[in-house]
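Report on one structure; see the data block that follows.
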Amino acid sequence: MIRKILIANRGEIALRIVRACRELGIQTLAVYSEADEQSLHVQLADEAICIGPAPSNESYLRADRILSAAEIADVDAIHPGYGFLSENAEFAEQCESCNITFIGPRSDTIRKMGDKAKARETMEKARVPIIPGSEGAIANEKDALKVAQKIGFPVIIKAVSGGGGRGMRIAHNAVSFTREFQSARMEAEKAFGDGSLYVEKYLENPRHIEFQIMADKHGNVVHLGERDCSVQRRHQKVIEEAPSPFLDKTLRNRMGKAAIKAAEACDYVNAGTIEFLVDAKGNFYFIEMNTRIQVEHGVTEEATGVDLIKEQIQIASGNRLSFTQKEVSLTKHAIECRICAENPSKNFIPSPGTIDLYYAPGGHGVRVDSHAYGGYTVSPHYDSMICKLITYGRTRKIALDRMYRALSEYLIRGIDTNIEFVKAVILDPAFRQGEATTSYVEEFLARAPKDLFESKKDD
Ligand code: ADP
């Protein structure tokens, strides 16, 4: 039995975990940086401990301080959320050796899937389709170029330890390849402390469709259907929805089976996501596995009715999954917009600062996962996402109309946001017809009038 959980995160996900624990009657300990003293997760948790100054590498990334807080407050489990230490195998290992339950997969699984080149090998062995590319990491650019020439241009150069769309470069020919390879290496070294790279065939205009997996410690693995996350900017998701407007029942079943095979190939336990790219013909290819809860998990929750965070905690406590494959399906349509403190008309430059006025939308079929409030200061130290606005309903049309309505109600003043931008996307005929691929945002920005999505910071 888990009595008390330390939440090793901040912002909306920390709040989301506090809420799940409350409903389960589990005590919570928030840890926070000096910049987050006034944060909602700190106010709402049962206890809170400050773990250092604002920069993440002095607070939320300090495993030693988090484990000390765990010991002081005598917790029996840690929920890492997403980002920060959530996919850090060493941290999971340290929790294991301190006899603290890490709410996630085992450290060896995290390690195995955290190396994206190795993950490809594991999937290939398990006969999950992968994109043609290099076998493992490539030692130098000469060898990499040989691989690129063999698979044919364009290719994408990716960081073995990559995440968040960083350390990725596209090369269209041998001339640009060397330059892109060097720049990917530099970015990967800076972002992940690991410059190892691999190469894949670059798919033109694919869709990003991922499958939610849940696995318990008794060998049961179930998928909870897909999320379509094709609306991306710089390889980062902006809008996600379930079900995907592109999948039919047959393809969903085939991809779901492949996702389960992928999870079984690494003895997966707890919540995980298998990400695929899908071409226009319906061919699908594994790109990576995320060994944690995803930002966009709420979309699956509203489409299926399953509380994924509670399920994660139950699995970590040793319980069996509370549903079978037959009992779970996407019965509603759900869509999420990531609301960020940024200015779309100035190339999406982040816009930290104090929110003077805040009014969140509500009503039938609207869910607001946010740590923001009037008077809250968005810190420049962290991610600019301030809210995940989710709407849902019986059909895609209902969910989209509801999203437009909710976005129109949303008032955030004092800082710039991308609300007008996502509103324009929700109205766009190409998006409404379910045609968005991963190149959609770039195409949309090229054809949309510049003043269409100007932020309404001071209105
Ligand atoms: P990260 O871990 O940084 O998020 P992913 O491997 O998940 O990186 O890829 C992120 C996005 O980059 C994908 O959703 C897709 O838009 C693009 N991408 C990645 N690999 C390819 C590829 N081989 N061809 C085309 N686009 C790709």
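Ordered as shown in the structure tokens, chains take letters A, B, and onward, while each chain numbers its residues from 1 and ligands are numbered from 1 in the order shown.
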
(request) Could you give me, as number ranges by chain, each residue of segment 183-252 of chain A that DSSP assigns to strand (DSSP E or B) when run on this structure's backbone? (result) A: 197-201, 207-215, 221-233, 236-242

(request) Fewer than 3 positions away in the same chain doesn't count, so skip those; otherwise give me all residues within 6 Å of Pro352 of chain A, counting only C-alpha atoms, as an MDAnalysis selection string. (result) chainID A and resid 378:380

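The closest residue to ligand 1, picked from A:Pro344, A:Gly152, A:Pro206, A:Gly193 and counting only C-alpha atoms and all ligand atoms, is A:Pro206.
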
(message) So that I can check the surroundings of Ser59 of chain A, please list as a ChimeraX atom specification every protein, DNA and RNA residue that reaches within 9 Å of it, counting only C-alpha atoms and ignoring chain neighbours fewer than 3 positions away.
(response) /A:31-34,50-56,62-63,65-66

(request) Tell me, as a ChimeraX atom specification, which residues lie within 12 Å of Asn270 of chain A, counting only C-alpha atoms; anything in the same chain fewer than 6 positions away does not count. (result) /A:79,102-106,109-110,212-223,263-264,290-293,308-321

(request) Pick out each residue of segment 144-364 of chain A that DSSP on the backbone tags as alpha helix (DSSP H); I need them as number ranges by chain. (result) A: 144-151, 174-192, 249-265, 297-304, 308-316

(message) What residues of the protein or nucleic acid chains come within 7 Å of ligand 1 when you use only C-alpha atoms and all ligand atoms? Reply as a PyMOL selection string.
(response) chain A and resi 131+156+162-166+200-204+206+208+230+232+235-236+275+277+287-288+438

Saved selection, atoms kept: C-alpha atoms, as a tab-separated table (two decimals), in the first residue's frame:
chain	number	residue	atom	x	y	z
A	131	ILE	CA	11.97	3.41	-40.43
A	156	ILE	CA	16.82	12.91	-40.62
A	162	GLY	CA	16.99	13.04	-27.84
A	163	GLY	CA	13.70	14.44	-26.64
A	164	GLY	CA	11.52	17.52	-26.99
A	165	GLY	CA	12.30	17.79	-30.70
A	166	ARG	CA	15.90	18.83	-30.03
A	200	GLU	CA	16.69	7.60	-40.40
A	201	LYS	CA	14.95	8.02	-43.73
A	202	TYR	CA	13.00	11.29	-43.55
A	203	LEU	CA	9.32	10.60	-44.25
A	204	GLU	CA	7.57	13.40	-46.15
A	206	PRO	CA	3.63	11.71	-42.18
A	208	HIS	CA	2.34	11.34	-35.76
A	230	SER	CA	0.40	15.65	-36.02
A	232	GLN	CA	3.43	20.21	-34.27
A	235	HIS	CA	8.69	18.85	-33.82
A	236	GLN	CA	6.83	19.85	-30.63
A	275	GLU	CA	5.09	6.68	-30.98
A	277	LEU	CA	4.82	7.85	-37.90
A	287	ILE	CA	9.92	6.15	-33.81
A	288	GLU	CA	10.32	6.00	-30.06
A	438	THR	CA	3.40	16.94	-39.28

(message) Can you tell me which residues surround segment 14-21 of chain A at a distance of at most 12 Å, considering only C-alpha atoms, apart from same-chain residues fewer than 6 positions away, and format the answer as a ChimeraX atom specification?
(response) /A:2-8,27-32,36,39-48,60,77-84,103,293,295,297-298,307-314,367-372,387-388

(request) Mind checking which residues fall within 10 Å of Phe284 of chain A, counting only C-alpha atoms, ignoring those fewer than 5 positions away in the same chain, and posting them as number ranges by chain? (result) A: 128-131, 206-209, 251, 254-255, 258, 275-279

Excluding Pro361 of chain A and its own-chain neighbours fewer than 6 positions away, which residues fall within 9 Å of it when counting only C-alpha atoms? Please give them as an mmCIF file with C-alpha atoms, in the first residue's frame.
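File written: out.cif
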data_model
loop_
_atom_site.group_PDB
_atom_site.id
_atom_site.type_symbol
_atom_site.label_atom_id
_atom_site.label_comp_id
_atom_site.auth_asym_id
_atom_site.auth_seq_id
_atom_site.Cartn_x
_atom_site.Cartn_y
_atom_site.Cartn_z
ATOM 1 C CA ARG A 367 -11.418 20.283 -18.881
ATOM 2 C CA VAL A 368 -8.768 22.777 -17.825
ATOM 3 C CA LEU A 389 -7.318 22.898 -22.514
ATOM 4 C CA ARG A 405 -16.156 28.098 -27.807
ATOM 5 C CA ALA A 406 -13.862 27.409 -24.816
ATOM 6 C CA LEU A 407 -10.908 29.218 -26.421
ATOM 7 C CA SER A 408 -13.164 32.230 -27.065
ATOM 8 C CA GLU A 409 -14.085 32.354 -23.347
ATOM 9 C CA TYR A 410 -10.494 32.108 -22.129
ATOM 10 C CA LEU A 411 -9.167 35.399 -20.716
#

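Here atom CA of Ala171 of chain A and atom CA of Lys450 of chain A stand 29.0 Å from one another.
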